[in-house]
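Next comes entry01.pdb, with PDB, C-alpha atoms, pLDDT in the B column.
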```pdb
ATOM      1  CA  MET V 253      -7.447   6.071 -32.735  1.00 42.00           C
ATOM      2  CA  SER V 254      -3.694   5.623 -32.508  1.00 47.00           C
ATOM      3  CA  GLU V 255      -1.973   5.425 -29.168  1.00 67.00           C
ATOM      4  CA  SER V 256       1.318   7.192 -28.567  1.00 77.00           C
ATOM      5  CA  CYS V 257       4.508   5.200 -28.188  1.00 81.00           C
ATOM      6  CA  ASP V 258       6.044   4.995 -24.727  1.00 85.00           C
ATOM      7  CA  ALA V 259       9.259   3.626 -23.215  1.00 88.00           C
ATOM      8  CA  VAL V 260       7.840   0.112 -22.910  1.00 91.00           C
ATOM      9  CA  ASP V 261       6.828   0.150 -26.572  1.00 91.00           C
ATOM     10  CA  GLU V 262      10.366   1.162 -27.481  1.00 93.00           C
ATOM     11  CA  VAL V 263      11.941  -1.627 -25.423  1.00 94.00           C
ATOM     12  CA  ILE V 264       9.545  -4.211 -26.843  1.00 94.00           C
ATOM     13  CA  ALA V 265      10.196  -2.985 -30.402  1.00 94.00           C
ATOM     14  CA  GLN V 266      13.944  -3.285 -29.851  1.00 95.00           C
ATOM     15  CA  TRP V 267      13.600  -6.821 -28.508  1.00 95.00           C
ATOM     16  CA  ARG V 268      11.271  -7.793 -31.370  1.00 94.00           C
ATOM     17  CA  GLN V 269      13.945  -6.618 -33.768  1.00 95.00           C
ATOM     18  CA  GLU V 270      16.645  -8.639 -32.010  1.00 95.00           C
ATOM     19  CA  ARG V 271      14.578 -11.614 -30.848  1.00 95.00           C
ATOM     20  CA  PRO V 272      11.495 -11.999 -33.079  1.00 94.00           C
ATOM     21  CA  ASP V 273      11.252 -15.619 -31.898  1.00 96.00           C
ATOM     22  CA  LEU V 274      10.095 -14.599 -28.399  1.00 95.00           C
ATOM     23  CA  ASP V 275       6.586 -13.851 -27.168  1.00 94.00           C
ATOM     24  CA  LEU V 276       7.064 -10.512 -25.397  1.00 93.00           C
ATOM     25  CA  SER V 277       3.475  -9.852 -24.395  1.00 92.00           C
ATOM     26  CA  ALA V 278       4.185 -10.657 -20.720  1.00 92.00           C
ATOM     27  CA  MET V 279       7.239  -8.375 -20.750  1.00 93.00           C
ATOM     28  CA  ASP V 280       4.999  -5.628 -22.139  1.00 93.00           C
ATOM     29  CA  VAL V 281       2.389  -6.081 -19.388  1.00 92.00           C
ATOM     30  CA  PHE V 282       4.852  -6.390 -16.504  1.00 93.00           C
ATOM     31  CA  GLY V 283       6.951  -3.495 -17.782  1.00 93.00           C
ATOM     32  CA  ARG V 284       3.868  -1.293 -17.637  1.00 91.00           C
ATOM     33  CA  LEU V 285       2.890  -2.647 -14.210  1.00 92.00           C
ATOM     34  CA  SER V 286       6.380  -1.822 -12.971  1.00 93.00           C
ATOM     35  CA  GLN V 287       6.171   1.737 -14.282  1.00 92.00           C
ATOM     36  CA  LEU V 288       2.657   2.133 -12.897  1.00 92.00           C
ATOM     37  CA  THR V 289       3.805   0.904  -9.482  1.00 94.00           C
ATOM     38  CA  ARG V 290       6.462   3.619  -9.342  1.00 94.00           C
ATOM     39  CA  VAL V 291       3.944   6.322 -10.324  1.00 93.00           C
ATOM     40  CA  VAL V 292       1.393   5.143  -7.754  1.00 94.00           C
ATOM     41  CA  GLU V 293       3.971   4.765  -4.957  1.00 95.00           C
ATOM     42  CA  SER V 294       5.181   8.306  -5.563  1.00 95.00           C
ATOM     43  CA  ALA V 295       1.646   9.731  -5.505  1.00 95.00           C
ATOM     44  CA  VAL V 296       0.753   7.760  -2.367  1.00 95.00           C
ATOM     45  CA  GLU V 297       3.912   8.823  -0.568  1.00 95.00           C
ATOM     46  CA  ARG V 298       3.130  12.490  -1.345  1.00 96.00           C
ATOM     47  CA  VAL V 299      -0.269  12.144   0.338  1.00 97.00           C
ATOM     48  CA  PHE V 300       1.239  10.479   3.403  1.00 97.00           C
ATOM     49  CA  THR V 301       3.955  13.140   3.640  1.00 97.00           C
ATOM     50  CA  GLU V 302       1.356  15.922   3.425  1.00 97.00           C
ATOM     51  CA  HIS V 303      -0.214  14.408   6.553  1.00 97.00           C
ATOM     52  CA  GLY V 304       3.132  13.932   8.319  1.00 96.00           C
ATOM     53  CA  LEU V 305       3.169  10.155   7.996  1.00 96.00           C
ATOM     54  CA  ARG V 306       5.529   7.556   6.598  1.00 94.00           C
ATOM     55  CA  PRO V 307       3.977   4.636   4.705  1.00 93.00           C
ATOM     56  CA  GLY V 308       4.564   2.196   7.591  1.00 93.00           C
ATOM     57  CA  GLU V 309       2.967   4.595  10.052  1.00 95.00           C
ATOM     58  CA  PHE V 310      -0.060   4.965   7.800  1.00 97.00           C
ATOM     59  CA  ASP V 311      -0.324   1.170   7.711  1.00 96.00           C
ATOM     60  CA  VAL V 312      -0.361   0.925  11.527  1.00 96.00           C
ATOM     61  CA  LEU V 313      -2.959   3.667  11.947  1.00 98.00           C
ATOM     62  CA  ALA V 314      -5.086   2.192   9.152  1.00 97.00           C
ATOM     63  CA  ALA V 315      -4.933  -1.298  10.698  1.00 96.00           C
ATOM     64  CA  LEU V 316      -6.090   0.088  14.044  1.00 97.00           C
ATOM     65  CA  ARG V 317      -8.816   2.252  12.491  1.00 98.00           C
ATOM     66  CA  ARG V 318     -10.328  -0.476  10.344  1.00 96.00           C
ATOM     67  CA  THR V 319     -10.694  -2.862  13.322  1.00 95.00           C
ATOM     68  CA  GLY V 320     -13.473  -0.627  14.634  1.00 95.00           C
ATOM     69  CA  ALA V 321     -13.996   0.679  18.138  1.00 95.00           C
ATOM     70  CA  PRO V 322     -12.113   0.553  20.456  1.00 95.00           C
ATOM     71  CA  TYR V 323      -9.372   0.620  17.754  1.00 96.00           C
ATOM     72  CA  THR V 324      -7.038  -1.585  19.779  1.00 95.00           C
ATOM     73  CA  LEU V 325      -4.657  -4.406  18.832  1.00 94.00           C
ATOM     74  CA  THR V 326      -1.603  -6.060  20.338  1.00 90.00           C
ATOM     75  CA  PRO V 327       1.786  -5.520  18.700  1.00 88.00           C
ATOM     76  CA  SER V 328       1.693  -9.187  17.592  1.00 87.00           C
ATOM     77  CA  GLU V 329      -1.691  -8.682  15.933  1.00 90.00           C
ATOM     78  CA  LEU V 330      -0.384  -5.548  14.198  1.00 92.00           C
ATOM     79  CA  SER V 331       2.773  -7.330  13.034  1.00 90.00           C
ATOM     80  CA  ALA V 332       0.699 -10.184  11.616  1.00 90.00           C
ATOM     81  CA  ALA V 333      -1.786  -7.852   9.935  1.00 90.00           C
ATOM     82  CA  LEU V 334       1.007  -5.825   8.325  1.00 92.00           C
ATOM     83  CA  MET V 335       3.377  -8.744   7.699  1.00 89.00           C
ATOM     84  CA  THR V 336       6.258  -6.953   9.399  1.00 87.00           C
ATOM     85  CA  SER V 337       8.794  -7.871  12.068  1.00 84.00           C
ATOM     86  CA  ARG V 338       8.237  -7.090  15.726  1.00 80.00           C
ATOM     87  CA  ALA V 339      11.369  -4.879  15.679  1.00 80.00           C
ATOM     88  CA  GLY V 340      10.026  -2.859  12.750  1.00 81.00           C
ATOM     89  CA  MET V 341       6.686  -2.572  14.503  1.00 87.00           C
ATOM     90  CA  THR V 342       8.329  -1.277  17.693  1.00 88.00           C
ATOM     91  CA  ASN V 343      10.021   1.551  15.764  1.00 89.00           C
ATOM     92  CA  ARG V 344       6.758   2.549  14.114  1.00 92.00           C
ATOM     93  CA  LEU V 345       4.885   2.442  17.400  1.00 94.00           C
ATOM     94  CA  ASP V 346       7.539   4.556  19.118  1.00 93.00           C
ATOM     95  CA  ARG V 347       7.182   7.279  16.464  1.00 95.00           C
ATOM     96  CA  LEU V 348       3.381   7.139  16.518  1.00 97.00           C
ATOM     97  CA  GLU V 349       3.256   7.262  20.309  1.00 96.00           C
ATOM     98  CA  THR V 350       5.612  10.271  20.348  1.00 96.00           C
ATOM     99  CA  ALA V 351       3.310  11.990  17.843  1.00 97.00           C
ATOM    100  CA  GLY V 352       0.308  11.287  20.085  1.00 97.00           C
ATOM    101  CA  TYR V 353      -1.435   9.022  17.550  1.00 98.00           C
ATOM    102  CA  VAL V 354      -1.373   5.808  19.592  1.00 98.00           C
ATOM    103  CA  GLU V 355      -1.184   4.852  23.247  1.00 97.00           C
ATOM    104  CA  ARG V 356       0.378   1.751  24.766  1.00 94.00           C
ATOM    105  CA  SER V 357      -1.188   0.124  27.805  1.00 93.00           C
ATOM    106  CA  LEU V 358      -0.739  -3.201  29.559  1.00 89.00           C
ATOM    107  CA  ASP V 359      -3.009  -5.915  28.245  1.00 79.00           C
ATOM    108  CA  PRO V 360      -5.387  -6.792  31.105  1.00 81.00           C
ATOM    109  CA  ALA V 361      -5.633 -10.359  29.778  1.00 79.00           C
ATOM    110  CA  ASP V 362      -1.844 -10.824  29.615  1.00 78.00           C
ATOM    111  CA  ARG V 363       0.366  -8.543  31.721  1.00 78.00           C
ATOM    112  CA  ARG V 364       3.385  -9.504  29.576  1.00 80.00           C
ATOM    113  CA  SER V 365       1.818  -7.874  26.547  1.00 82.00           C
ATOM    114  CA  PHE V 366       0.710  -4.411  25.535  1.00 88.00           C
ATOM    115  CA  ARG V 367      -2.357  -3.143  23.755  1.00 93.00           C
ATOM    116  CA  ILE V 368      -1.999  -0.404  21.173  1.00 95.00           C
ATOM    117  CA  THR V 369      -4.932   1.980  20.953  1.00 97.00           C
ATOM    118  CA  LEU V 370      -5.606   4.674  18.393  1.00 98.00           C
ATOM    119  CA  THR V 371      -5.981   8.090  20.065  1.00 97.00           C
ATOM    120  CA  SER V 372      -8.495  10.703  18.918  1.00 97.00           C
ATOM    121  CA  ALA V 373      -5.609  12.600  17.266  1.00 98.00           C
ATOM    122  CA  GLY V 374      -4.580   9.363  15.550  1.00 98.00           C
ATOM    123  CA  ARG V 375      -8.134   8.800  14.366  1.00 98.00           C
ATOM    124  CA  ASP V 376      -8.290  12.343  12.991  1.00 98.00           C
ATOM    125  CA  VAL V 377      -5.017  11.992  11.081  1.00 98.00           C
ATOM    126  CA  ILE V 378      -5.833   8.551   9.649  1.00 98.00           C
ATOM    127  CA  ASP V 379      -9.325   9.643   8.611  1.00 98.00           C
ATOM    128  CA  ALA V 380      -7.975  12.742   6.848  1.00 98.00           C
ATOM    129  CA  THR V 381      -5.115  10.817   5.252  1.00 98.00           C
ATOM    130  CA  LEU V 382      -7.365   7.972   4.125  1.00 97.00           C
ATOM    131  CA  THR V 383      -9.834  10.414   2.588  1.00 97.00           C
ATOM    132  CA  ASP V 384      -7.062  12.020   0.510  1.00 97.00           C
ATOM    133  CA  HIS V 385      -5.445   8.643  -0.230  1.00 97.00           C
ATOM    134  CA  ALA V 386      -8.691   7.115  -1.546  1.00 96.00           C
ATOM    135  CA  ALA V 387      -9.411  10.221  -3.644  1.00 96.00           C
ATOM    136  CA  GLY V 388      -5.887  10.208  -5.079  1.00 95.00           C
ATOM    137  CA  LEU V 389      -6.057   6.545  -6.046  1.00 94.00           C
ATOM    138  CA  ALA V 390      -9.508   7.019  -7.583  1.00 92.00           C
ATOM    139  CA  LYS V 391      -8.183   9.933  -9.630  1.00 92.00           C
ATOM    140  CA  LEU V 392      -5.214   7.898 -10.851  1.00 91.00           C
ATOM    141  CA  LEU V 393      -7.449   4.991 -11.856  1.00 90.00           C
ATOM    142  CA  SER V 394     -10.185   7.085 -13.451  1.00 88.00           C
ATOM    143  CA  SER V 395      -7.642   8.929 -15.590  1.00 85.00           C
ATOM    144  CA  ALA V 396      -7.375   5.880 -17.849  1.00 82.00           C
ATOM    145  CA  ALA V 397     -10.051   3.396 -16.813  1.00 82.00           C
ATOM    146  CA  GLY V 398     -13.784   3.500 -16.399  1.00 83.00           C
ATOM    147  CA  PRO V 399     -15.687   1.649 -13.656  1.00 81.00           C
ATOM    148  CA  ASP V 400     -16.139  -1.462 -15.810  1.00 87.00           C
ATOM    149  CA  ASP V 401     -12.446  -1.467 -16.734  1.00 89.00           C
ATOM    150  CA  ALA V 402     -11.478  -1.124 -13.081  1.00 89.00           C
ATOM    151  CA  ALA V 403     -13.625  -4.116 -12.107  1.00 90.00           C
ATOM    152  CA  VAL V 404     -12.129  -6.263 -14.882  1.00 92.00           C
ATOM    153  CA  LEU V 405      -8.593  -5.191 -14.032  1.00 91.00           C
ATOM    154  CA  SER V 406      -9.164  -5.926 -10.345  1.00 91.00           C
ATOM    155  CA  ARG V 407     -10.519  -9.393 -11.173  1.00 93.00           C
ATOM    156  CA  ILE V 408      -7.562 -10.181 -13.438  1.00 92.00           C
ATOM    157  CA  LEU V 409      -4.980  -8.991 -10.929  1.00 92.00           C
ATOM    158  CA  LYS V 410      -6.680 -10.874  -8.091  1.00 93.00           C
ATOM    159  CA  GLY V 411      -6.616 -14.061 -10.157  1.00 94.00           C
ATOM    160  CA  MET V 412      -2.959 -13.599 -11.054  1.00 91.00           C
ATOM    161  CA  LEU V 413      -1.978 -12.994  -7.433  1.00 91.00           C
ATOM    162  CA  ALA V 414      -3.910 -16.062  -6.292  1.00 92.00           C
ATOM    163  CA  GLU V 415      -2.081 -18.212  -8.861  1.00 91.00           C
ATOM    164  CA  LEU V 416       1.363 -16.782  -8.124  1.00 89.00           C
ATOM    165  CA  ARG V 417       1.298 -16.935  -4.326  1.00 83.00           C
TER     166      ARG V 417
END
```
Could you spell out this file's structure in structure tokens?
Amino acid sequence: MSESCDAVDEVIAQWRQERPDLDLSAMDVFGRLSQLTRVVESAVERVFTEHGLRPGEFDVLAALRRTGAPYTLTPSELSAALMTSRAGMTNRLDRLETAGYVERSLDPADRRSFRITLTSAGRDVIDATLTDHAAGLAKLLSSAAGPDDAAVLSRILKGMLAELR
């Protein structure tokens, strides 16, 4: 079974012609990962947009939802969980509060801090978005990989990330 040639194959073939002395297997893999990242990001952003969310807003709602009831965190906890600045978090929280997806309240344990709580409308939108998001990612993965392939790919990528961090 022959596979069709793609843009990465063309680039690699050109470099092999010009620089046959180089091992280009890593360039091949990372070129494909780069292209795949763009495809996945575009598909993910479409799902978020369909639900009226930006990626950062999805991240905040998802972080609150996955903590379990009462779906409450401090802005510092959210910033740490999402690896974002406090200023960036404030902007996201302002938009989500205006939309009715989160509520801010004073932290009873520390009056200088706030607690961010997912509202029922926020829970509805994150649940619907996550359902479509998970289905979309599963469809993208299953288009070219079976369950065994997905497990192997996940293990390889996890190992690479652990080594490179």
Inset, instruction - Have a look at atom CA of Phe366 of chain V and atom CA of Thr326 of chain V and let me know their distance in Å, one decimal. - result: 5.9 Å
Just say which residues the PyMOL selection byres ((chain V and resi 264-266) around 12) picks in this file, as a PDB file with C-alpha atoms, in the coordinates of the input.
```
ATOM      1  CA  CYS V 257       4.508   5.200 -28.188  1.00 81.00           C
ATOM      2  CA  ASP V 258       6.044   4.995 -24.727  1.00 85.00           C
ATOM      3  CA  ALA V 259       9.259   3.626 -23.215  1.00 88.00           C
ATOM      4  CA  VAL V 260       7.840   0.112 -22.910  1.00 91.00           C
ATOM      5  CA  ASP V 261       6.828   0.150 -26.572  1.00 91.00           C
ATOM      6  CA  GLU V 262      10.366   1.162 -27.481  1.00 93.00           C
ATOM      7  CA  VAL V 263      11.941  -1.627 -25.423  1.00 94.00           C
ATOM      8  CA  TRP V 267      13.600  -6.821 -28.508  1.00 95.00           C
ATOM      9  CA  ARG V 268      11.271  -7.793 -31.370  1.00 94.00           C
ATOM     10  CA  GLN V 269      13.945  -6.618 -33.768  1.00 95.00           C
ATOM     11  CA  GLU V 270      16.645  -8.639 -32.010  1.00 95.00           C
ATOM     12  CA  ARG V 271      14.578 -11.614 -30.848  1.00 95.00           C
ATOM     13  CA  PRO V 272      11.495 -11.999 -33.079  1.00 94.00           C
ATOM     14  CA  LEU V 274      10.095 -14.599 -28.399  1.00 95.00           C
ATOM     15  CA  ASP V 275       6.586 -13.851 -27.168  1.00 94.00           C
ATOM     16  CA  LEU V 276       7.064 -10.512 -25.397  1.00 93.00           C
ATOM     17  CA  SER V 277       3.475  -9.852 -24.395  1.00 92.00           C
ATOM     18  CA  ALA V 278       4.185 -10.657 -20.720  1.00 92.00           C
ATOM     19  CA  MET V 279       7.239  -8.375 -20.750  1.00 93.00           C
ATOM     20  CA  ASP V 280       4.999  -5.628 -22.139  1.00 93.00           C
ATOM     21  CA  VAL V 281       2.389  -6.081 -19.388  1.00 92.00           C
ATOM     22  CA  PHE V 282       4.852  -6.390 -16.504  1.00 93.00           C
ATOM     23  CA  GLY V 283       6.951  -3.495 -17.782  1.00 93.00           C
ATOM     24  CA  ARG V 284       3.868  -1.293 -17.637  1.00 91.00           C
TER      25      ARG V 284
END
```
Inset, instruction - Grab the atom CA of Thr369 of chain V to atom CA of Tyr323 of chain V distance for me, in Å with one decimal place. - result: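 Atom-to-atom, atom CA of Thr369 of chain V and atom CA of Tyr323 of chain V are spaced 5.6 Å apart.
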Legend entry - Output of the PyMOL selection byres ((chain V and resi 401-415) around 12), listed as a VMD selection string: chain V and resid 281 to 282 285 389 to 390 392 to 400 416 to 417
Legend entry - Length of the atom CA of Arg306 of chain V to atom CA of Glu355 of chain V vector [Å]: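 Calculated distance between atom CA of Arg306 of chain V and atom CA of Glu355 of chain V is 18.2 Å.
Once the PyMOL selection byres ((chain V and resi 349) around 12) is applied to the depicted file, the selected set reads Glu309, Val312, Leu313, Met341, Thr342, Asn343, Arg344, Leu345, Asp346, Arg347, Leu348, Thr350, Ala351, Gly352, Tyr353, Val354, Glu355, Arg356, Ser357, Ile368, Thr369, Leu370, Thr371, Ala373 and Gly374 of chain V.
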Inset, instruction - Write out as a ChimeraX atom specification the residues lying within 9 Å of Pro307 of chain V, counting all atoms listed in the file and excluding same-chain residues fewer than 6 positions away. - result: /V:296-297,300-301
Legend entry - Long-range neighbours of Arg318 of chain V as an MDAnalysis selection string, 12 Å cut-off, all atoms listed in the file, 6 positions minimum in chain: chainID V and resid 310:312 324:325 330 333 370 375 378:379 382
Inset, instruction - Point out the residue among V:Ala386, V:Ala380, V:Ser286, V:Lys391 with the least atom-to-atom distance to Glu302 of chain V, counting all atoms listed in the file. - result: V:Ala380
Find the axis-aligned box for segment 295-306 of chain V, covering all its listed atoms and adding 6 Å on each side, and write its centre and edge lengths in Å to one decimal as AutoDock Vina command-line options.
```
--center_x 2.6 --center_y 11.7 --center_z 1.4 --size_x 17.8 --size_y 20.4 --size_z 25.8
```
Legend entry - Residue nearest Asp384 of chain V - candidates V:Ala295, V:Leu334, V:Thr289, V:Ala321, atoms counted: all atoms listed in the file: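 Checking each candidate against Asp384 of chain V, we get V:Ala295 as the closest.
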Legend entry - Nearest to Ser337 of chain V by atom-to-atom distance, counting all atoms listed in the file, from V:Thr383, V:Asp273, V:Arg298, V:Gly308: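 For Ser337 of chain V, the nearest of the given residues is V:Gly308.
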Could segment 361-376 of chain V be completed with N, CA, C and O atoms and written as a compact mmCIF listing (two decimals), keeping the file's coordinate frame, please?
```txt
# COMPACT_ATOMS: atom_id res chain seq x y z
N ALA V 361 -5.55 -8.90 29.89
CA ALA V 361 -5.63 -10.36 29.78
C ALA V 361 -4.26 -11.03 29.86
O ALA V 361 -4.17 -12.22 30.14
N ASP V 362 -3.20 -10.26 29.61
CA ASP V 362 -1.84 -10.82 29.62
C ASP V 362 -0.87 -9.71 29.98
O ASP V 362 -0.47 -8.93 29.12
N ARG V 363 -0.48 -9.63 31.22
CA ARG V 363 0.37 -8.54 31.72
C ARG V 363 1.74 -8.49 31.06
O ARG V 363 2.47 -7.54 31.23
N ARG V 364 2.10 -9.52 30.28
CA ARG V 364 3.38 -9.50 29.58
C ARG V 364 3.26 -8.80 28.22
O ARG V 364 4.24 -8.60 27.54
N SER V 365 2.06 -8.46 27.86
CA SER V 365 1.82 -7.87 26.55
C SER V 365 1.19 -6.49 26.67
O SER V 365 0.63 -6.13 27.70
N PHE V 366 1.30 -5.74 25.60
CA PHE V 366 0.71 -4.41 25.54
C PHE V 366 -0.45 -4.40 24.56
O PHE V 366 -0.56 -5.25 23.69
N ARG V 367 -1.29 -3.42 24.71
CA ARG V 367 -2.36 -3.14 23.76
C ARG V 367 -2.03 -1.78 23.16
O ARG V 367 -1.60 -0.87 23.86
N ILE V 368 -2.22 -1.66 21.88
CA ILE V 368 -2.00 -0.40 21.17
C ILE V 368 -3.36 0.14 20.79
O ILE V 368 -4.15 -0.54 20.12
N THR V 369 -3.63 1.36 21.20
CA THR V 369 -4.93 1.98 20.95
C THR V 369 -4.76 3.28 20.18
O THR V 369 -3.89 4.10 20.50
N LEU V 370 -5.58 3.45 19.18
CA LEU V 370 -5.61 4.67 18.39
C LEU V 370 -6.18 5.80 19.25
O LEU V 370 -7.24 5.65 19.86
N THR V 371 -5.48 6.93 19.32
CA THR V 371 -5.98 8.09 20.07
C THR V 371 -6.93 8.89 19.17
O THR V 371 -7.03 8.63 17.97
N SER V 372 -7.61 9.87 19.74
CA SER V 372 -8.49 10.70 18.92
C SER V 372 -7.68 11.48 17.88
O SER V 372 -8.13 11.65 16.74
N ALA V 373 -6.47 11.92 18.24
CA ALA V 373 -5.61 12.60 17.27
C ALA V 373 -5.20 11.63 16.16
O ALA V 373 -5.14 12.00 14.98
N GLY V 374 -4.93 10.38 16.53
CA GLY V 374 -4.58 9.36 15.55
C GLY V 374 -5.75 9.08 14.63
O GLY V 374 -5.57 8.91 13.41
N ARG V 375 -6.95 9.04 15.20
CA ARG V 375 -8.13 8.80 14.37
C ARG V 375 -8.34 9.97 13.40
O ARG V 375 -8.67 9.76 12.23
N ASP V 376 -8.14 11.18 13.87
CA ASP V 376 -8.29 12.34 12.99
C ASP V 376 -7.30 12.29 11.84
O ASP V 376 -7.66 12.53 10.69
```
